[in-house]
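Visitor: One structure coming up, written as C-alpha coordinates, with questions to follow.
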Amino acid sequence: MAVELFKFHNIGRLNNAKPFLQLMKLVITEYIFKYFVYVKNQTMLFKKKFYALSFLLVSFSFCNAQIEVAHASTKDFSAIGFGGFLNFSIPVSEANYITFEGGFQYFKNQYDEDLALIPVLVGYRYTLNQTGSGFYVEPNAGYTFGASSIGDYDANGGYLGVDKKVAGPSAGIGFGYLIDLGNIPFNFSLRYEHNFGDAATNVYSFRIAHSFGSRRRQDD
(Lines give C-alpha, C1' and ligand atoms only; values in the text may rest on other atoms or scores of the structure.)
Protein backbone atom coordinates (compact mmCIF):
# COMPACT_ATOMS: atom_id res chain seq x y z
CA MET A 1 0.00 0.00 0.00
CA ALA A 2 2.85 2.38 0.88
CA VAL A 3 4.62 1.54 -2.40
CA GLU A 4 1.51 2.31 -4.41
CA LEU A 5 1.09 5.63 -2.59
CA PHE A 6 4.75 6.45 -3.34
CA LYS A 7 4.29 5.69 -7.02
CA PHE A 8 1.12 7.70 -7.15
CA HIS A 9 2.83 10.63 -5.41
CA ASN A 10 5.79 10.61 -7.85
CA ILE A 11 3.47 10.37 -10.85
CA GLY A 12 1.60 13.43 -9.52
CA ARG A 13 4.88 15.34 -9.21
CA LEU A 14 5.84 14.44 -12.78
CA ASN A 15 2.46 15.54 -14.05
CA ASN A 16 2.85 18.84 -12.23
CA ALA A 17 6.34 19.30 -13.71
CA LYS A 18 5.23 18.90 -17.34
CA PRO A 19 3.76 22.42 -17.70
CA PHE A 20 6.97 23.88 -16.26
CA LEU A 21 9.16 21.88 -18.65
CA GLN A 22 7.00 22.89 -21.59
CA LEU A 23 7.24 26.53 -20.54
CA MET A 24 11.02 26.27 -20.27
CA LYS A 25 11.14 24.66 -23.69
CA LEU A 26 9.12 27.53 -25.18
CA VAL A 27 11.31 30.15 -23.48
CA ILE A 28 14.53 28.54 -24.69
CA THR A 29 13.14 28.11 -28.22
CA GLU A 30 12.06 31.75 -28.35
CA TYR A 31 15.43 32.91 -27.05
CA ILE A 32 17.29 30.88 -29.68
CA PHE A 33 14.98 32.23 -32.41
CA LYS A 34 15.51 35.84 -31.29
CA TYR A 35 19.26 35.26 -31.17
CA PHE A 36 19.36 33.98 -34.75
CA VAL A 37 17.15 36.89 -35.89
CA TYR A 38 19.51 39.31 -34.16
CA VAL A 39 22.56 37.73 -35.79
CA LYS A 40 20.82 37.81 -39.19
CA ASN A 41 19.88 41.50 -38.79
CA GLN A 42 23.40 42.43 -37.72
CA THR A 43 24.83 40.57 -40.71
CA MET A 44 22.46 42.36 -43.09
CA LEU A 45 23.29 45.72 -41.48
CA PHE A 46 27.01 45.04 -41.87
CA LYS A 47 26.52 44.08 -45.52
CA LYS A 48 24.55 47.29 -46.17
CA LYS A 49 27.26 49.40 -44.56
CA PHE A 50 29.94 47.55 -46.49
CA TYR A 51 28.13 48.00 -49.81
CA ALA A 52 27.46 51.68 -49.07
CA LEU A 53 31.10 52.29 -48.18
CA SER A 54 32.27 50.44 -51.28
CA PHE A 55 29.91 52.52 -53.44
CA LEU A 56 31.20 55.75 -51.91
CA LEU A 57 34.82 54.71 -52.41
CA VAL A 58 34.21 53.75 -56.03
CA SER A 59 32.20 56.93 -56.64
CA PHE A 60 34.90 59.08 -55.06
CA SER A 61 37.44 57.56 -57.44
CA PHE A 62 35.40 58.98 -60.33
CA CYS A 63 34.28 62.24 -58.74
CA ASN A 64 34.74 65.57 -60.51
CA ALA A 65 34.76 68.99 -58.88
CA GLN A 66 33.37 71.43 -61.40
CA ILE A 67 33.11 75.18 -61.83
CA GLU A 68 31.20 76.90 -64.58
CA VAL A 69 30.28 80.19 -66.18
CA ALA A 70 26.66 80.14 -67.29
CA HIS A 71 23.96 82.24 -68.89
CA ALA A 72 20.35 81.82 -67.74
CA SER A 73 17.30 83.17 -69.47
CA THR A 74 13.59 83.06 -68.81
CA LYS A 75 10.72 85.40 -69.53
CA ASP A 76 11.64 88.89 -68.28
CA PHE A 77 15.04 87.72 -67.00
CA SER A 78 18.51 87.24 -68.49
CA ALA A 79 21.83 87.14 -66.67
CA ILE A 80 25.32 85.67 -66.55
CA GLY A 81 26.24 83.75 -63.42
CA PHE A 82 28.52 81.18 -61.88
CA GLY A 83 28.14 77.73 -60.38
CA GLY A 84 29.84 74.74 -58.85
CA PHE A 85 29.12 71.03 -59.13
CA LEU A 86 30.05 67.58 -57.94
CA ASN A 87 29.78 64.92 -60.62
CA PHE A 88 30.07 61.20 -59.81
CA SER A 89 30.58 58.73 -62.65
CA ILE A 90 30.11 54.96 -62.44
CA PRO A 91 31.68 52.93 -65.28
CA VAL A 92 29.30 50.66 -67.17
CA SER A 93 31.75 49.65 -69.90
CA GLU A 94 35.35 50.24 -70.92
CA ALA A 95 34.67 53.85 -71.84
CA ASN A 96 31.11 54.85 -70.86
CA TYR A 97 29.63 55.99 -67.57
CA ILE A 98 26.41 56.62 -65.71
CA THR A 99 26.74 60.02 -64.04
CA PHE A 100 25.15 61.56 -60.96
CA GLU A 101 25.40 65.27 -60.39
CA GLY A 102 24.39 67.91 -57.90
CA GLY A 103 25.28 71.58 -57.94
CA PHE A 104 24.42 75.22 -57.40
CA GLN A 105 24.03 78.11 -59.87
CA TYR A 106 23.49 81.77 -59.08
CA PHE A 107 22.48 84.61 -61.41
CA LYS A 108 21.75 88.31 -60.89
CA ASN A 109 20.64 90.81 -63.52
CA GLN A 110 20.98 94.59 -63.78
CA TYR A 111 17.72 95.09 -61.88
CA ASP A 112 19.08 93.21 -58.82
CA GLU A 113 16.75 90.30 -59.47
CA ASP A 114 18.20 86.98 -58.32
CA LEU A 115 17.88 83.43 -59.63
CA ALA A 116 19.30 80.43 -57.75
CA LEU A 117 19.16 76.89 -59.14
CA ILE A 118 20.10 73.54 -57.56
CA PRO A 119 20.00 70.83 -60.24
CA VAL A 120 20.09 67.14 -59.30
CA LEU A 121 20.72 65.10 -62.44
CA VAL A 122 21.36 61.60 -63.76
CA GLY A 123 23.12 61.20 -67.10
CA TYR A 124 24.98 58.89 -69.44
CA ARG A 125 28.45 59.84 -70.70
CA TYR A 126 29.40 58.28 -74.04
CA THR A 127 32.95 58.79 -75.31
CA LEU A 128 32.96 58.94 -79.08
CA ASN A 129 36.22 57.06 -79.64
CA GLN A 130 35.41 54.47 -76.94
CA THR A 131 38.73 54.94 -75.11
CA GLY A 132 37.45 56.75 -72.02
CA SER A 133 39.06 60.02 -73.14
CA GLY A 134 38.64 62.56 -75.91
CA PHE A 135 35.28 63.91 -77.07
CA TYR A 136 32.07 62.76 -75.41
CA VAL A 137 28.34 63.46 -75.34
CA GLU A 138 26.30 63.36 -72.11
CA PRO A 139 22.49 63.63 -72.06
CA ASN A 140 20.92 64.01 -68.63
CA ALA A 141 17.62 64.48 -66.82
CA GLY A 142 16.49 65.16 -63.28
CA TYR A 143 14.93 67.83 -61.11
CA THR A 144 16.01 71.40 -60.45
CA PHE A 145 15.23 73.04 -57.14
CA GLY A 146 15.35 76.79 -57.07
CA ALA A 147 14.09 80.20 -56.04
CA SER A 148 14.03 83.67 -57.52
CA SER A 149 13.21 87.28 -56.82
CA ILE A 150 11.91 87.74 -60.37
CA GLY A 151 8.54 89.41 -60.20
CA ASP A 152 5.58 87.66 -61.80
CA TYR A 153 3.32 89.87 -63.92
CA ASP A 154 -0.01 89.40 -65.64
CA ALA A 155 -0.71 89.94 -69.33
CA ASN A 156 -1.27 93.67 -68.76
CA GLY A 157 2.05 94.10 -66.96
CA GLY A 158 0.53 94.24 -63.49
CA TYR A 159 2.63 92.80 -60.67
CA LEU A 160 0.94 89.76 -59.13
CA GLY A 161 2.65 90.17 -55.77
CA VAL A 162 4.64 86.95 -56.00
CA ASP A 163 7.97 85.86 -57.48
CA LYS A 164 8.32 83.39 -60.30
CA LYS A 165 8.57 79.71 -59.38
CA VAL A 166 11.53 78.16 -61.16
CA ALA A 167 11.70 74.67 -59.63
CA GLY A 168 10.71 71.75 -61.83
CA PRO A 169 11.87 68.79 -63.94
CA SER A 170 14.87 69.44 -66.13
CA ALA A 171 16.73 67.84 -69.03
CA GLY A 172 19.71 68.72 -71.13
CA ILE A 173 22.79 67.62 -73.01
CA GLY A 174 26.49 68.27 -72.73
CA PHE A 175 29.42 68.02 -75.12
CA GLY A 176 32.92 67.82 -73.75
CA TYR A 177 36.51 66.74 -73.99
CA LEU A 178 38.41 64.58 -71.47
CA ILE A 179 42.17 65.03 -71.33
CA ASP A 180 45.11 64.52 -68.96
CA LEU A 181 47.17 67.66 -68.32
CA GLY A 182 50.33 66.73 -66.47
CA ASN A 183 48.80 63.40 -65.42
CA ILE A 184 45.81 65.28 -63.96
CA PRO A 185 42.44 64.42 -65.58
CA PHE A 186 40.47 67.46 -66.75
CA ASN A 187 37.05 67.77 -68.32
CA PHE A 188 36.12 70.75 -70.52
CA SER A 189 32.50 70.92 -71.66
CA LEU A 190 29.59 72.95 -72.98
CA ARG A 191 26.10 72.22 -71.70
CA TYR A 192 22.54 73.21 -72.40
CA GLU A 193 19.89 72.64 -69.71
CA HIS A 194 16.16 73.35 -69.84
CA ASN A 195 14.09 73.60 -66.71
CA PHE A 196 10.38 72.84 -67.12
CA GLY A 197 9.21 74.83 -64.11
CA ASP A 198 6.38 77.36 -64.07
CA ALA A 199 8.93 79.84 -65.39
CA ALA A 200 10.74 77.79 -68.05
CA THR A 201 14.47 78.46 -67.79
CA ASN A 202 17.26 77.90 -70.30
CA VAL A 203 20.83 77.61 -69.04
CA TYR A 204 23.92 77.58 -71.30
CA SER A 205 27.21 76.92 -69.58
CA PHE A 206 30.93 76.41 -70.08
CA ARG A 207 32.42 74.04 -67.51
CA ILE A 208 35.84 72.99 -66.28
CA ALA A 209 36.14 69.93 -64.09
CA HIS A 210 38.98 68.16 -62.31
CA SER A 211 38.82 64.55 -61.19
CA PHE A 212 39.61 63.70 -57.55
CA GLY A 213 40.63 60.14 -58.43
CA SER A 214 42.68 58.55 -61.14
CA ARG A 215 41.05 57.53 -64.40
CA ARG A 216 39.69 54.02 -64.52
CA ARG A 217 41.32 53.14 -67.82
CA GLN A 218 44.88 53.96 -68.78
CA ASP A 219 45.66 54.68 -72.43
CA ASP A 220 47.20 51.75 -74.26
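Ordering of the C-alpha coordinates sets the chain letters (A, B, ...), residue numbers begin anew at 1 in every chain, and ligands are numbered from 1 in the order given.
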Give me the residues near Ser93 in chain A as a PDB file with N, CA and C atoms, in the first residue's frame, where near means some atom within 10 Å (using only C-alpha atoms) and where sequence neighbours in that chain fewer than 4 positions away do not count.
Guide:
```pdb
ATOM      1  N   TYR A  97      29.934  55.836 -68.982  1.00  0.00           N
ATOM      2  CA  TYR A  97      29.634  55.988 -67.567  1.00  0.00           C
ATOM      3  C   TYR A  97      28.185  56.436 -67.358  1.00  0.00           C
ATOM      4  N   ILE A  98      27.621  56.010 -66.238  1.00  0.00           N
ATOM      5  CA  ILE A  98      26.408  56.624 -65.711  1.00  0.00           C
ATOM      6  C   ILE A  98      26.860  57.708 -64.744  1.00  0.00           C
ATOM      7  N   TYR A 126      28.962  59.178 -72.965  1.00  0.00           N
ATOM      8  CA  TYR A 126      29.396  58.281 -74.040  1.00  0.00           C
ATOM      9  C   TYR A 126      30.595  58.905 -74.738  1.00  0.00           C
ATOM     10  N   GLN A 130      35.481  55.676 -77.783  1.00  0.00           N
ATOM     11  CA  GLN A 130      35.414  54.473 -76.943  1.00  0.00           C
ATOM     12  C   GLN A 130      36.745  54.131 -76.266  1.00  0.00           C
ATOM     13  N   GLY A 132      37.558  56.155 -73.351  1.00  0.00           N
ATOM     14  CA  GLY A 132      37.454  56.750 -72.024  1.00  0.00           C
ATOM     15  C   GLY A 132      38.033  58.150 -71.957  1.00  0.00           C
TER      16      GLY A 132
END
```
Visitor: Extract, using only C-alpha atoms, all DNA, RNA and protein residues at most 9 Å from Gln105 in chain A, discarding same-chain residues fewer than 2 positions from it, and format them as a tab-separated table (two decimals) with N, CA, C and O atoms, in the first residue's frame.
Guide:
```
chain	number	residue	atom	x	y	z
A	68	GLU	N	31.75	76.54	-63.29
A	68	GLU	CA	31.20	76.90	-64.58
A	68	GLU	C	30.83	78.37	-64.64
A	68	GLU	O	30.56	79.01	-63.62
A	70	ALA	N	27.91	80.49	-66.63
A	70	ALA	CA	26.66	80.14	-67.29
A	70	ALA	C	25.83	81.38	-67.59
A	70	ALA	O	26.00	82.45	-67.00
A	81	GLY	N	25.95	84.12	-64.81
A	81	GLY	CA	26.24	83.75	-63.42
A	81	GLY	C	27.32	82.69	-63.34
A	81	GLY	O	27.96	82.34	-64.33
A	82	PHE	N	27.49	82.18	-62.14
A	82	PHE	CA	28.52	81.18	-61.88
A	82	PHE	C	27.91	80.02	-61.11
A	82	PHE	O	26.82	80.12	-60.52
A	83	GLY	N	28.64	78.90	-61.11
A	83	GLY	CA	28.14	77.73	-60.38
A	83	GLY	C	29.25	76.76	-60.05
A	83	GLY	O	30.39	76.87	-60.54
A	84	GLY	N	28.92	75.81	-59.21
A	84	GLY	CA	29.84	74.74	-58.85
A	84	GLY	C	29.09	73.43	-58.75
A	84	GLY	O	27.89	73.41	-58.41
A	85	PHE	N	29.78	72.32	-59.06
A	85	PHE	CA	29.12	71.03	-59.13
A	85	PHE	C	30.01	69.92	-58.58
A	85	PHE	O	31.25	70.04	-58.59
A	103	GLY	N	24.53	70.33	-57.89
A	103	GLY	CA	25.28	71.58	-57.94
A	103	GLY	C	24.47	72.79	-57.55
A	103	GLY	O	23.33	72.68	-57.07
A	107	PHE	N	22.52	83.57	-60.38
A	107	PHE	CA	22.48	84.61	-61.41
A	107	PHE	C	21.85	85.88	-60.82
A	107	PHE	O	20.96	85.80	-59.98
A	115	LEU	N	18.35	84.77	-59.25
A	115	LEU	CA	17.88	83.43	-59.63
A	115	LEU	C	18.89	82.42	-59.11
A	115	LEU	O	20.08	82.51	-59.43
A	116	ALA	N	18.44	81.49	-58.30
A	116	ALA	CA	19.30	80.43	-57.75
A	116	ALA	C	18.74	79.08	-58.14
A	116	ALA	O	17.54	78.82	-57.95
A	117	LEU	N	19.58	78.21	-58.69
A	117	LEU	CA	19.16	76.89	-59.14
A	117	LEU	C	20.02	75.81	-58.50
A	117	LEU	O	21.25	75.98	-58.39
A	118	ILE	N	19.38	74.70	-58.12
A	118	ILE	CA	20.10	73.54	-57.56
A	118	ILE	C	19.68	72.31	-58.35
A	118	ILE	O	18.70	71.63	-58.02
A	119	PRO	N	20.37	72.00	-59.43
A	119	PRO	CA	20.00	70.83	-60.24
A	119	PRO	C	20.53	69.53	-59.63
A	119	PRO	O	21.65	69.47	-59.13
```
Visitor: Among range 114-183 of chain A, which ones does DSSP place in strand (DSSP E or B), written as a PyMOL selection string?
Guide: chain A and resi 114-127+134-148+151-153+159-163+168-181
Visitor: Any chance you could tabulate, as CSV, the residues of range 100-161 of chain A at most 10 Å from range 185-190 of chain A with each one's nearest atom pair and distance in Å to one decimal, using only C-alpha atoms, in chain and rising number order?
Guide:
```
residue,atom,partner,partner_atom,distance
A:Ser133,CA,A:Asn187,CA,9.3
A:Gly134,CA,A:Asn187,CA,9.3
A:Phe135,CA,A:Ser189,CA,9.3
A:Tyr136,CA,A:Ser189,CA,9.0
A:Val137,CA,A:Ser189,CA,9.3
A:Glu138,CA,A:Ser189,CA,9.8
```
Visitor: For the selection you just gave me, I'd like the residues written to a file as a PDB file, in the first residue's frame, keeping N, CA, C and O atoms.
Guide:
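File written: again.pdb
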```pdb
ATOM      1  N   SER A 133      38.537  58.657 -73.075  1.00  0.00           N
ATOM      2  CA  SER A 133      39.061  60.020 -73.142  1.00  0.00           C
ATOM      3  C   SER A 133      38.649  60.633 -74.476  1.00  0.00           C
ATOM      4  O   SER A 133      38.012  59.986 -75.300  1.00  0.00           O
ATOM      5  N   GLY A 134      39.016  61.901 -74.676  1.00  0.00           N
ATOM      6  CA  GLY A 134      38.638  62.559 -75.915  1.00  0.00           C
ATOM      7  C   GLY A 134      37.235  63.143 -75.840  1.00  0.00           C
ATOM      8  O   GLY A 134      36.705  63.438 -74.764  1.00  0.00           O
ATOM      9  N   PHE A 135      36.600  63.297 -76.999  1.00  0.00           N
ATOM     10  CA  PHE A 135      35.280  63.913 -77.073  1.00  0.00           C
ATOM     11  C   PHE A 135      34.194  62.958 -76.558  1.00  0.00           C
ATOM     12  O   PHE A 135      34.282  61.741 -76.742  1.00  0.00           O
ATOM     13  N   TYR A 136      33.185  63.554 -75.912  1.00  0.00           N
ATOM     14  CA  TYR A 136      32.069  62.761 -75.406  1.00  0.00           C
ATOM     15  C   TYR A 136      30.776  63.561 -75.498  1.00  0.00           C
ATOM     16  O   TYR A 136      30.777  64.787 -75.632  1.00  0.00           O
ATOM     17  N   VAL A 137      29.668  62.848 -75.424  1.00  0.00           N
ATOM     18  CA  VAL A 137      28.343  63.456 -75.339  1.00  0.00           C
ATOM     19  C   VAL A 137      27.666  62.906 -74.091  1.00  0.00           C
ATOM     20  O   VAL A 137      27.828  61.734 -73.759  1.00  0.00           O
ATOM     21  N   GLU A 138      26.906  63.763 -73.389  1.00  0.00           N
ATOM     22  CA  GLU A 138      26.302  63.355 -72.114  1.00  0.00           C
ATOM     23  C   GLU A 138      24.893  63.930 -71.953  1.00  0.00           C
ATOM     24  O   GLU A 138      24.725  65.037 -71.454  1.00  0.00           O
TER      25      GLU A 138
END
```
Visitor: Write out as a ChimeraX atom specification the residues lying within 8 Å of Ile80 in chain A, counting only C-alpha atoms and excluding same-chain residues fewer than 5 positions away.
Guide: /A:69-72,107-109
Visitor: What does the structure give for the distance between CA of Leu181 in chain A and CA of Val122 in chain A, in Å to one decimal?
Guide: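 It comes out at 26.9 Å.
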Visitor: I'd like the neighbourhood of Thr74 in chain A as a list in words, where a residue qualifies if any of its atoms comes within 10 Å (using only C-alpha atoms), though same-chain residues fewer than 3 positions away should be ignored.
Guide: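 Returned residues: Phe77, Ser78, Ala79, Ile150, Val166, Asn195, Ala199, Ala200, Thr201, Asn202 and Val203 of chain A.
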Visitor: For Asp163 in chain A, please output as a list of chain:residue names all residues within 7 Å (counting only C-alpha atoms; exclusion window: fewer than 6 positions along the same chain).
Guide: A:Ser148, A:Ser149, A:Ile150, A:Gly151, A:Asp152
Visitor: Which residue, A:Phe100, A:Leu178, A:Phe196, A:Asp112, has the smallest gap to Leu128 in chain A when you use only C-alpha atoms?
Guide: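 Distance minimum relative to Leu128 in chain A lands on A:Leu178.
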Visitor: Report, in Å with one decimal, the straight-line distance from CA of Gly168 in chain A to CA of Gly102 in chain A.
Guide: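 Atom-to-atom, CA of Gly168 in chain A to CA of Gly102 in chain A, that is 14.7 Å.
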Visitor: Grab the CA of Ala141 in chain A to CA of Glu94 in chain A distance for me, in Å with one decimal place.
Guide: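 Between these atoms lies a distance of 23.1 Å.
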Visitor: With distances taken over only C-alpha atoms, which residue among A:Thr144, A:Thr131, A:Leu121, A:Gln110 lies nearest Asn87 in chain A?
Guide: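 Selected residue with least distance to Asn87 in chain A: A:Leu121.
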Visitor: Check the smallest atom-to-atom distance from each of A:Tyr106, A:Tyr192, A:Tyr124, A:Phe206 to Gly146 in chain A using only C-alpha atoms, then report the winner.
Guide: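 So, comparing all the options, the nearest one is A:Tyr106.
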Visitor: Between A:Ile184, A:Ile173, A:Ile67, A:Ala147, which is the closest to Asp114 in chain A once you count only C-alpha atoms?
Guide: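 The closest residue to Asp114 in chain A is A:Ala147.
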Visitor: Would you please work out which residue, of A:Ser73, A:Ser170, A:Thr127, A:Thr99, is nearest to Ser205 in chain A when using only C-alpha atoms?
Guide: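 Comparing A:Ser73, A:Ser170, A:Thr127, A:Thr99 against Ser205 in chain A, the winner is A:Ser73.
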Visitor: With only C-alpha atoms as the basis for distance, which of A:Pro139, A:Asn96, A:Asp76, A:Phe145 is at the shortest distance from Phe175 in chain A?
Guide: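 Selected residue with least distance to Phe175 in chain A: A:Pro139.
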